[in-house]
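Participant: Contents are mmCIF, C-alpha atoms; file name query.cif:
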data_final
#
loop_
_atom_site.group_PDB
_atom_site.id
_atom_site.type_symbol
_atom_site.label_atom_id
_atom_site.label_comp_id
_atom_site.auth_asym_id
_atom_site.auth_seq_id
_atom_site.Cartn_x
_atom_site.Cartn_y
_atom_site.Cartn_z
ATOM 1 C CA MET A 1478 0.000 0.000 0.000
ATOM 2 C CA THR A 1479 1.226 3.502 -0.814
ATOM 3 C CA ASP A 1480 0.887 6.434 1.532
ATOM 4 C CA PRO A 1481 -1.265 9.376 0.414
ATOM 5 C CA VAL A 1482 0.245 12.834 0.113
ATOM 6 C CA SER A 1483 -1.683 13.773 3.261
ATOM 7 C CA SER A 1484 0.510 11.371 5.253
ATOM 8 C CA ILE A 1485 3.230 14.026 5.046
ATOM 9 C CA ARG A 1486 3.264 16.384 8.002
ATOM 10 C CA ASN A 1487 1.294 19.653 7.457
ATOM 11 C CA LEU A 1488 -0.650 18.312 4.451
ATOM 12 C CA GLY A 1489 -4.293 17.417 4.938
ATOM 13 C CA PRO A 1490 -6.944 15.545 2.968
ATOM 14 C CA ALA A 1491 -7.600 18.515 0.653
ATOM 15 C CA SER A 1492 -3.955 18.233 -0.392
ATOM 16 C CA ASP A 1493 -4.577 14.746 -1.741
ATOM 17 C CA ALA A 1494 -7.070 16.050 -4.310
ATOM 18 C CA ALA A 1495 -4.904 18.989 -5.382
ATOM 19 C CA PHE A 1496 -1.801 16.854 -5.795
ATOM 20 C CA GLU A 1497 -3.830 14.182 -7.605
ATOM 21 C CA ARG A 1498 -4.913 16.813 -10.184
ATOM 22 C CA ALA A 1499 -1.224 17.622 -10.621
ATOM 23 C CA GLY A 1500 -0.363 13.971 -11.268
ATOM 24 C CA ILE A 1501 1.264 13.451 -7.876
ATOM 25 C CA HIS A 1502 -0.472 10.422 -6.413
ATOM 26 C CA THR A 1503 1.552 9.400 -3.367
ATOM 27 C CA ALA A 1504 3.759 10.800 -0.629
ATOM 28 C CA GLU A 1505 6.681 9.025 -2.290
ATOM 29 C CA ASP A 1506 5.931 10.794 -5.605
ATOM 30 C CA LEU A 1507 6.047 14.121 -3.776
ATOM 31 C CA ARG A 1508 9.297 13.286 -1.992
ATOM 32 C CA GLU A 1509 10.926 12.176 -5.267
ATOM 33 C CA LEU A 1510 9.875 15.365 -7.087
ATOM 34 C CA GLY A 1511 10.866 17.686 -4.287
ATOM 35 C CA ALA A 1512 9.054 20.797 -3.161
ATOM 36 C CA ASP A 1513 9.748 23.137 -6.076
ATOM 37 C CA GLU A 1514 8.909 20.725 -8.893
ATOM 38 C CA ALA A 1515 5.800 19.543 -7.063
ATOM 39 C CA TYR A 1516 4.691 23.152 -6.591
ATOM 40 C CA ARG A 1517 5.319 23.872 -10.293
ATOM 41 C CA ARG A 1518 3.005 20.995 -11.132
ATOM 42 C CA LEU A 1519 0.372 22.200 -8.677
ATOM 43 C CA LEU A 1520 0.370 25.654 -10.270
ATOM 44 C CA ALA A 1521 0.298 24.194 -13.795
ATOM 45 C CA SER A 1522 -2.744 22.109 -12.840
ATOM 46 C CA GLY A 1523 -4.703 25.193 -11.785
ATOM 47 C CA SER A 1524 -3.992 25.515 -8.067
ATOM 48 C CA ARG A 1525 -3.778 29.115 -6.924
ATOM 49 C CA PRO A 1526 -0.429 30.198 -5.516
ATOM 50 C CA HIS A 1527 -0.400 30.463 -1.743
ATOM 51 C CA PHE A 1528 2.814 31.120 0.168
ATOM 52 C CA ILE A 1529 1.729 29.440 3.403
ATOM 53 C CA GLY A 1530 0.733 26.310 1.483
ATOM 54 C CA TYR A 1531 4.111 26.274 -0.223
ATOM 55 C CA TYR A 1532 6.200 26.651 2.894
ATOM 56 C CA ALA A 1533 3.986 24.250 4.878
ATOM 57 C CA MET A 1534 4.748 21.647 2.200
ATOM 58 C CA VAL A 1535 8.488 22.425 2.322
ATOM 59 C CA MET A 1536 8.511 22.141 6.117
ATOM 60 C CA GLY A 1537 6.439 18.946 5.984
ATOM 61 C CA LEU A 1538 8.873 17.327 3.567
ATOM 62 C CA GLN A 1539 11.562 18.077 6.150
ATOM 63 C CA GLY A 1540 9.418 16.576 8.934
ATOM 64 C CA ARG A 1541 8.999 19.981 10.576
ATOM 65 C CA PRO A 1542 5.858 21.829 11.730
ATOM 66 C CA TRP A 1543 4.648 24.479 9.274
ATOM 67 C CA ASN A 1544 5.210 27.313 11.739
ATOM 68 C CA ASP A 1545 8.868 26.374 12.222
ATOM 69 C CA CYS A 1546 9.793 28.536 9.231
ATOM 70 C CA LYS A 1547 11.143 31.912 10.390
ATOM 71 C CA GLY A 1548 13.620 34.674 9.655
ATOM 72 C CA ASN A 1549 16.155 34.221 6.873
ATOM 73 C CA GLU A 1550 14.862 30.757 6.038
ATOM 74 C CA LYS A 1551 11.354 32.119 5.504
ATOM 75 C CA ASP A 1552 12.727 34.999 3.422
ATOM 76 C CA ALA A 1553 14.603 32.520 1.210
ATOM 77 C CA LEU A 1554 11.486 30.385 0.805
ATOM 78 C CA ARG A 1555 9.519 33.506 -0.109
ATOM 79 C CA ALA A 1556 12.012 34.271 -2.867
ATOM 80 C CA ARG A 1557 11.722 30.693 -4.187
ATOM 81 C CA PHE A 1558 7.916 30.897 -4.030
ATOM 82 C CA ASP A 1559 7.859 34.233 -5.865
ATOM 83 C CA ALA A 1560 10.095 32.799 -8.592
ATOM 84 C CA LEU A 1561 7.835 29.740 -8.998
ATOM 85 C CA LYS A 1562 4.764 31.965 -9.132
ATOM 86 C CA ALA A 1563 6.349 34.244 -11.762
ATOM 87 C CA GLU A 1564 7.421 31.229 -13.818
ATOM 88 C CA ALA A 1565 3.883 29.815 -13.721
ATOM 89 C CA ALA A 1566 2.391 33.171 -14.748
ATOM 90 C CA ALA A 1567 4.805 33.451 -17.673
ATOM 91 C CA ASN A 1568 3.795 29.984 -18.871
ATOM 92 C CA LYS A 1569 0.035 30.622 -18.799
ATOM 93 C CA PRO A 1570 -1.840 30.818 -22.075
ATOM 94 C CA PRO A 1571 -2.810 34.403 -23.027
ATOM 95 C CA GLU A 1572 -6.483 33.978 -22.086
ATOM 96 C CA ASP A 1573 -5.500 32.831 -18.584
ATOM 97 C CA LYS A 1574 -3.235 35.860 -18.236
ATOM 98 C CA MET A 1575 -6.162 38.135 -19.103
ATOM 99 C CA ASP A 1576 -8.332 36.414 -16.506
ATOM 100 C CA ALA A 1577 -5.568 36.884 -13.935
ATOM 101 C CA ILE A 1578 -5.332 40.597 -14.746
ATOM 102 C CA LEU A 1579 -9.109 40.991 -14.510
ATOM 103 C CA ASP A 1580 -9.095 39.183 -11.154
ATOM 104 C CA GLN A 1581 -6.234 41.328 -9.901
ATOM 105 C CA ILE A 1582 -8.001 44.613 -10.672
ATOM 106 C CA GLY A 1583 -11.350 43.338 -9.418
ATOM 107 C CA ILE A 1584 -13.301 43.255 -12.691
ATOM 108 C CA ARG A 1585 -14.463 39.655 -12.470
ATOM 109 C CA ALA A 1586 -16.600 38.363 -9.634
ATOM 110 C CA PRO A 1587 -14.766 35.987 -7.246
#
Take the structure in the file and give it back as structure tokens.

Facilitator:
Amino acid sequence: MTDPVSSIRNLGPASDAAFERAGIHTAEDLRELGADEAYRRLLASGSRPHFIGYYAMVMGLQGRPWNDCKGNEKDALRARFDALKAEAAANKPPEDKMDAILDQIGIRAP
């Protein structure tokens, strides 16, 4: 039997569905991919970027509680997250970019 993604510290049952949509089916898949590649796949599959979710996953893969991330380490993770988010935005099809702009300026209803 394989362990679900939610067996990793800090990741709950909702994580299983999101990672499944990204083609990451087990905790072992996630560990093999590593945090950044897994997050790339999450974003490519339509998950919205969320810094706390990203660093909770990183901490969980290290076996640490999500709130253990502080100071310089958190700043470095923020820089990695921002780079992943920018990369995902640059790779979006043009119509998705327009939707993102409309969402950002509040034109479309949430």

Participant: Need to verify the contact set: region 1478-1493 of chain A, 10 Å, all atoms listed in the file, exclusion of same-chain residues closer than 5 positions in sequence. Can you return it as a list of chain:residue names?

Facilitator: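 The filter keeps A:Arg1498, A:Ala1499, A:Ile1501, A:His1502, A:Thr1503, A:Ala1504, A:Glu1505, A:Asp1506, A:Leu1507, A:Arg1508, A:Gly1530, A:Tyr1532, A:Ala1533, A:Met1534, A:Val1535, A:Met1536, A:Gly1537, A:Leu1538, A:Gln1539, A:Gly1540, A:Arg1541, A:Pro1542, A:Trp1543, A:Asn1544.
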
Participant: Keeping C-alpha atoms for every residue in the selection just given, could you write it to a file as a PDB file, in the frame of the given file?

Facilitator:
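File out-v9.pdb, as written:
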ATOM      1  CA  ARG A1498      -4.913  16.813 -10.184  1.00  0.00           C
ATOM      2  CA  ALA A1499      -1.224  17.622 -10.621  1.00  0.00           C
ATOM      3  CA  ILE A1501       1.264  13.451  -7.876  1.00  0.00           C
ATOM      4  CA  HIS A1502      -0.472  10.422  -6.413  1.00  0.00           C
ATOM      5  CA  THR A1503       1.552   9.400  -3.367  1.00  0.00           C
ATOM      6  CA  ALA A1504       3.759  10.800  -0.629  1.00  0.00           C
ATOM      7  CA  GLU A1505       6.681   9.025  -2.290  1.00  0.00           C
ATOM      8  CA  ASP A1506       5.931  10.794  -5.605  1.00  0.00           C
ATOM      9  CA  LEU A1507       6.047  14.121  -3.776  1.00  0.00           C
ATOM     10  CA  ARG A1508       9.297  13.286  -1.992  1.00  0.00           C
ATOM     11  CA  GLY A1530       0.733  26.310   1.483  1.00  0.00           C
ATOM     12  CA  TYR A1532       6.200  26.651   2.894  1.00  0.00           C
ATOM     13  CA  ALA A1533       3.986  24.250   4.878  1.00  0.00           C
ATOM     14  CA  MET A1534       4.748  21.647   2.200  1.00  0.00           C
ATOM     15  CA  VAL A1535       8.488  22.425   2.322  1.00  0.00           C
ATOM     16  CA  MET A1536       8.511  22.141   6.117  1.00  0.00           C
ATOM     17  CA  GLY A1537       6.439  18.946   5.984  1.00  0.00           C
ATOM     18  CA  LEU A1538       8.873  17.327   3.567  1.00  0.00           C
ATOM     19  CA  GLN A1539      11.562  18.077   6.150  1.00  0.00           C
ATOM     20  CA  GLY A1540       9.418  16.576   8.934  1.00  0.00           C
ATOM     21  CA  ARG A1541       8.999  19.981  10.576  1.00  0.00           C
ATOM     22  CA  PRO A1542       5.858  21.829  11.730  1.00  0.00           C
ATOM     23  CA  TRP A1543       4.648  24.479   9.274  1.00  0.00           C
ATOM     24  CA  ASN A1544       5.210  27.313  11.739  1.00  0.00           C
TER      25      ASN A1544
END

Participant: Please report the interatomic distance between CA of Asp1545 (chain A) and CA of Gly1511 (chain A) in Å with one decimal.

Facilitator: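 Straight-line distance from CA of Asp1545 (chain A) to CA of Gly1511 (chain A) works out to 18.8 Å.
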
Participant: Pick the closest to Ala1515 (chain A) from A:Leu1561, A:Ile1529, A:Ala1494, A:Ile1582: which is it, counting all atoms listed in the file?

Facilitator: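 Among the listed residues, A:Leu1561 lies closest to Ala1515 (chain A).
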
Participant: Would you please work out which residue, of A:Lys1562, A:Lys1551, A:Ala1556, A:Ala1567, is nearest to Glu1514 (chain A) when using all atoms listed in the file?

Facilitator: A:Lys1562

Participant: Could you tell me how far CA of Arg1525 (chain A) lies from CA of Ala1566 (chain A), in Å and to one decimal?

Facilitator: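 Spanning CA of Arg1525 (chain A) to CA of Ala1566 (chain A) is a straight-line distance of 10.8 Å.
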
Participant: Using CA of Asp1573 (chain A) and CA of Arg1517 (chain A) as the two end points, give the distance in Å to one decimal.

Facilitator: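 CA of Asp1573 (chain A) sits 16.3 Å away from CA of Arg1517 (chain A).
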
Participant: Ranking A:Leu1579, A:Ala1495, A:Gly1500, A:Leu1520 by minimum distance to Ala1565 (chain A) and counting only C-alpha atoms, which one comes first?

Facilitator: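 Among A:Leu1579, A:Ala1495, A:Gly1500, A:Leu1520, it is A:Leu1520 that comes nearest to Ala1565 (chain A).
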
Participant: Kindly add N, CA, C and O atoms to the incomplete region 1548-1569 of chain A and provide the output as a PDB file, in the frame of the given file.

Facilitator:
ATOM      1  N   GLY A1548      12.426  33.887   9.951  1.00  0.00           N
ATOM      2  CA  GLY A1548      13.620  34.674   9.655  1.00  0.00           C
ATOM      3  C   GLY A1548      14.163  34.501   8.252  1.00  0.00           C
ATOM      4  O   GLY A1548      13.412  34.521   7.274  1.00  0.00           O
ATOM      5  N   ASN A1549      15.484  34.328   8.168  1.00  0.00           N
ATOM      6  CA  ASN A1549      16.155  34.221   6.873  1.00  0.00           C
ATOM      7  C   ASN A1549      15.659  33.038   6.061  1.00  0.00           C
ATOM      8  O   ASN A1549      15.565  33.112   4.829  1.00  0.00           O
ATOM      9  N   GLU A1550      15.372  31.932   6.751  1.00  0.00           N
ATOM     10  CA  GLU A1550      14.862  30.757   6.038  1.00  0.00           C
ATOM     11  C   GLU A1550      13.525  31.067   5.363  1.00  0.00           C
ATOM     12  O   GLU A1550      13.303  30.711   4.205  1.00  0.00           O
ATOM     13  N   LYS A1551      12.658  31.764   6.067  1.00  0.00           N
ATOM     14  CA  LYS A1551      11.354  32.119   5.504  1.00  0.00           C
ATOM     15  C   LYS A1551      11.529  33.106   4.350  1.00  0.00           C
ATOM     16  O   LYS A1551      10.848  33.008   3.329  1.00  0.00           O
ATOM     17  N   ASP A1552      12.448  34.041   4.500  1.00  0.00           N
ATOM     18  CA  ASP A1552      12.727  34.999   3.422  1.00  0.00           C
ATOM     19  C   ASP A1552      13.220  34.278   2.167  1.00  0.00           C
ATOM     20  O   ASP A1552      12.809  34.600   1.051  1.00  0.00           O
ATOM     21  N   ALA A1553      14.083  33.283   2.347  1.00  0.00           N
ATOM     22  CA  ALA A1553      14.603  32.520   1.210  1.00  0.00           C
ATOM     23  C   ALA A1553      13.494  31.713   0.548  1.00  0.00           C
ATOM     24  O   ALA A1553      13.421  31.633  -0.686  1.00  0.00           O
ATOM     25  N   LEU A1554      12.615  31.132   1.374  1.00  0.00           N
ATOM     26  CA  LEU A1554      11.486  30.385   0.805  1.00  0.00           C
ATOM     27  C   LEU A1554      10.539  31.319   0.062  1.00  0.00           C
ATOM     28  O   LEU A1554       9.980  30.955  -0.968  1.00  0.00           O
ATOM     29  N   ARG A1555      10.375  32.529   0.573  1.00  0.00           N
ATOM     30  CA  ARG A1555       9.519  33.506  -0.109  1.00  0.00           C
ATOM     31  C   ARG A1555      10.082  33.841  -1.487  1.00  0.00           C
ATOM     32  O   ARG A1555       9.330  33.948  -2.466  1.00  0.00           O
ATOM     33  N   ALA A1556      11.375  33.982  -1.574  1.00  0.00           N
ATOM     34  CA  ALA A1556      12.012  34.271  -2.867  1.00  0.00           C
ATOM     35  C   ALA A1556      11.814  33.096  -3.824  1.00  0.00           C
ATOM     36  O   ALA A1556      11.512  33.304  -5.013  1.00  0.00           O
ATOM     37  N   ARG A1557      11.961  31.871  -3.342  1.00  0.00           N
ATOM     38  CA  ARG A1557      11.722  30.693  -4.187  1.00  0.00           C
ATOM     39  C   ARG A1557      10.270  30.640  -4.638  1.00  0.00           C
ATOM     40  O   ARG A1557       9.978  30.375  -5.802  1.00  0.00           O
ATOM     41  N   PHE A1558       9.344  30.899  -3.708  1.00  0.00           N
ATOM     42  CA  PHE A1558       7.916  30.897  -4.030  1.00  0.00           C
ATOM     43  C   PHE A1558       7.605  31.952  -5.092  1.00  0.00           C
ATOM     44  O   PHE A1558       6.906  31.673  -6.075  1.00  0.00           O
ATOM     45  N   ASP A1559       8.117  33.157  -4.903  1.00  0.00           N
ATOM     46  CA  ASP A1559       7.859  34.233  -5.865  1.00  0.00           C
ATOM     47  C   ASP A1559       8.386  33.870  -7.253  1.00  0.00           C
ATOM     48  O   ASP A1559       7.741  34.163  -8.262  1.00  0.00           O
ATOM     49  N   ALA A1560       9.541  33.222  -7.304  1.00  0.00           N
ATOM     50  CA  ALA A1560      10.095  32.799  -8.592  1.00  0.00           C
ATOM     51  C   ALA A1560       9.218  31.731  -9.246  1.00  0.00           C
ATOM     52  O   ALA A1560       8.961  31.785 -10.459  1.00  0.00           O
ATOM     53  N   LEU A1561       8.725  30.780  -8.460  1.00  0.00           N
ATOM     54  CA  LEU A1561       7.835  29.740  -8.998  1.00  0.00           C
ATOM     55  C   LEU A1561       6.536  30.350  -9.506  1.00  0.00           C
ATOM     56  O   LEU A1561       6.023  29.972 -10.563  1.00  0.00           O
ATOM     57  N   LYS A1562       6.014  31.303  -8.747  1.00  0.00           N
ATOM     58  CA  LYS A1562       4.764  31.965  -9.132  1.00  0.00           C
ATOM     59  C   LYS A1562       4.953  32.763 -10.425  1.00  0.00           C
ATOM     60  O   LYS A1562       4.118  32.696 -11.332  1.00  0.00           O
ATOM     61  N   ALA A1563       6.061  33.467 -10.549  1.00  0.00           N
ATOM     62  CA  ALA A1563       6.349  34.244 -11.762  1.00  0.00           C
ATOM     63  C   ALA A1563       6.539  33.318 -12.960  1.00  0.00           C
ATOM     64  O   ALA A1563       6.047  33.606 -14.061  1.00  0.00           O
ATOM     65  N   GLU A1564       7.219  32.208 -12.749  1.00  0.00           N
ATOM     66  CA  GLU A1564       7.421  31.229 -13.818  1.00  0.00           C
ATOM     67  C   GLU A1564       6.079  30.674 -14.300  1.00  0.00           C
ATOM     68  O   GLU A1564       5.840  30.564 -15.502  1.00  0.00           O
ATOM     69  N   ALA A1565       5.197  30.350 -13.359  1.00  0.00           N
ATOM     70  CA  ALA A1565       3.883  29.815 -13.721  1.00  0.00           C
ATOM     71  C   ALA A1565       3.069  30.852 -14.488  1.00  0.00           C
ATOM     72  O   ALA A1565       2.406  30.528 -15.467  1.00  0.00           O
ATOM     73  N   ALA A1566       3.137  32.108 -14.065  1.00  0.00           N
ATOM     74  CA  ALA A1566       2.391  33.171 -14.748  1.00  0.00           C
ATOM     75  C   ALA A1566       2.912  33.367 -16.166  1.00  0.00           C
ATOM     76  O   ALA A1566       2.135  33.582 -17.098  1.00  0.00           O
ATOM     77  N   ALA A1567       4.210  33.276 -16.345  1.00  0.00           N
ATOM     78  CA  ALA A1567       4.805  33.451 -17.673  1.00  0.00           C
ATOM     79  C   ALA A1567       4.431  32.314 -18.612  1.00  0.00           C
ATOM     80  O   ALA A1567       4.402  32.509 -19.832  1.00  0.00           O
ATOM     81  N   ASN A1568       4.124  31.145 -18.049  1.00  0.00           N
ATOM     82  CA  ASN A1568       3.795  29.984 -18.871  1.00  0.00           C
ATOM     83  C   ASN A1568       2.302  29.825 -19.133  1.00  0.00           C
ATOM     84  O   ASN A1568       1.909  28.890 -19.821  1.00  0.00           O
ATOM     85  N   LYS A1569       1.486  30.714 -18.591  1.00  0.00           N
ATOM     86  CA  LYS A1569       0.035  30.622 -18.799  1.00  0.00           C
ATOM     87  C   LYS A1569      -0.322  31.022 -20.220  1.00  0.00           C
ATOM     88  O   LYS A1569       0.287  31.941 -20.777  1.00  0.00           O
TER      89      LYS A1569
END
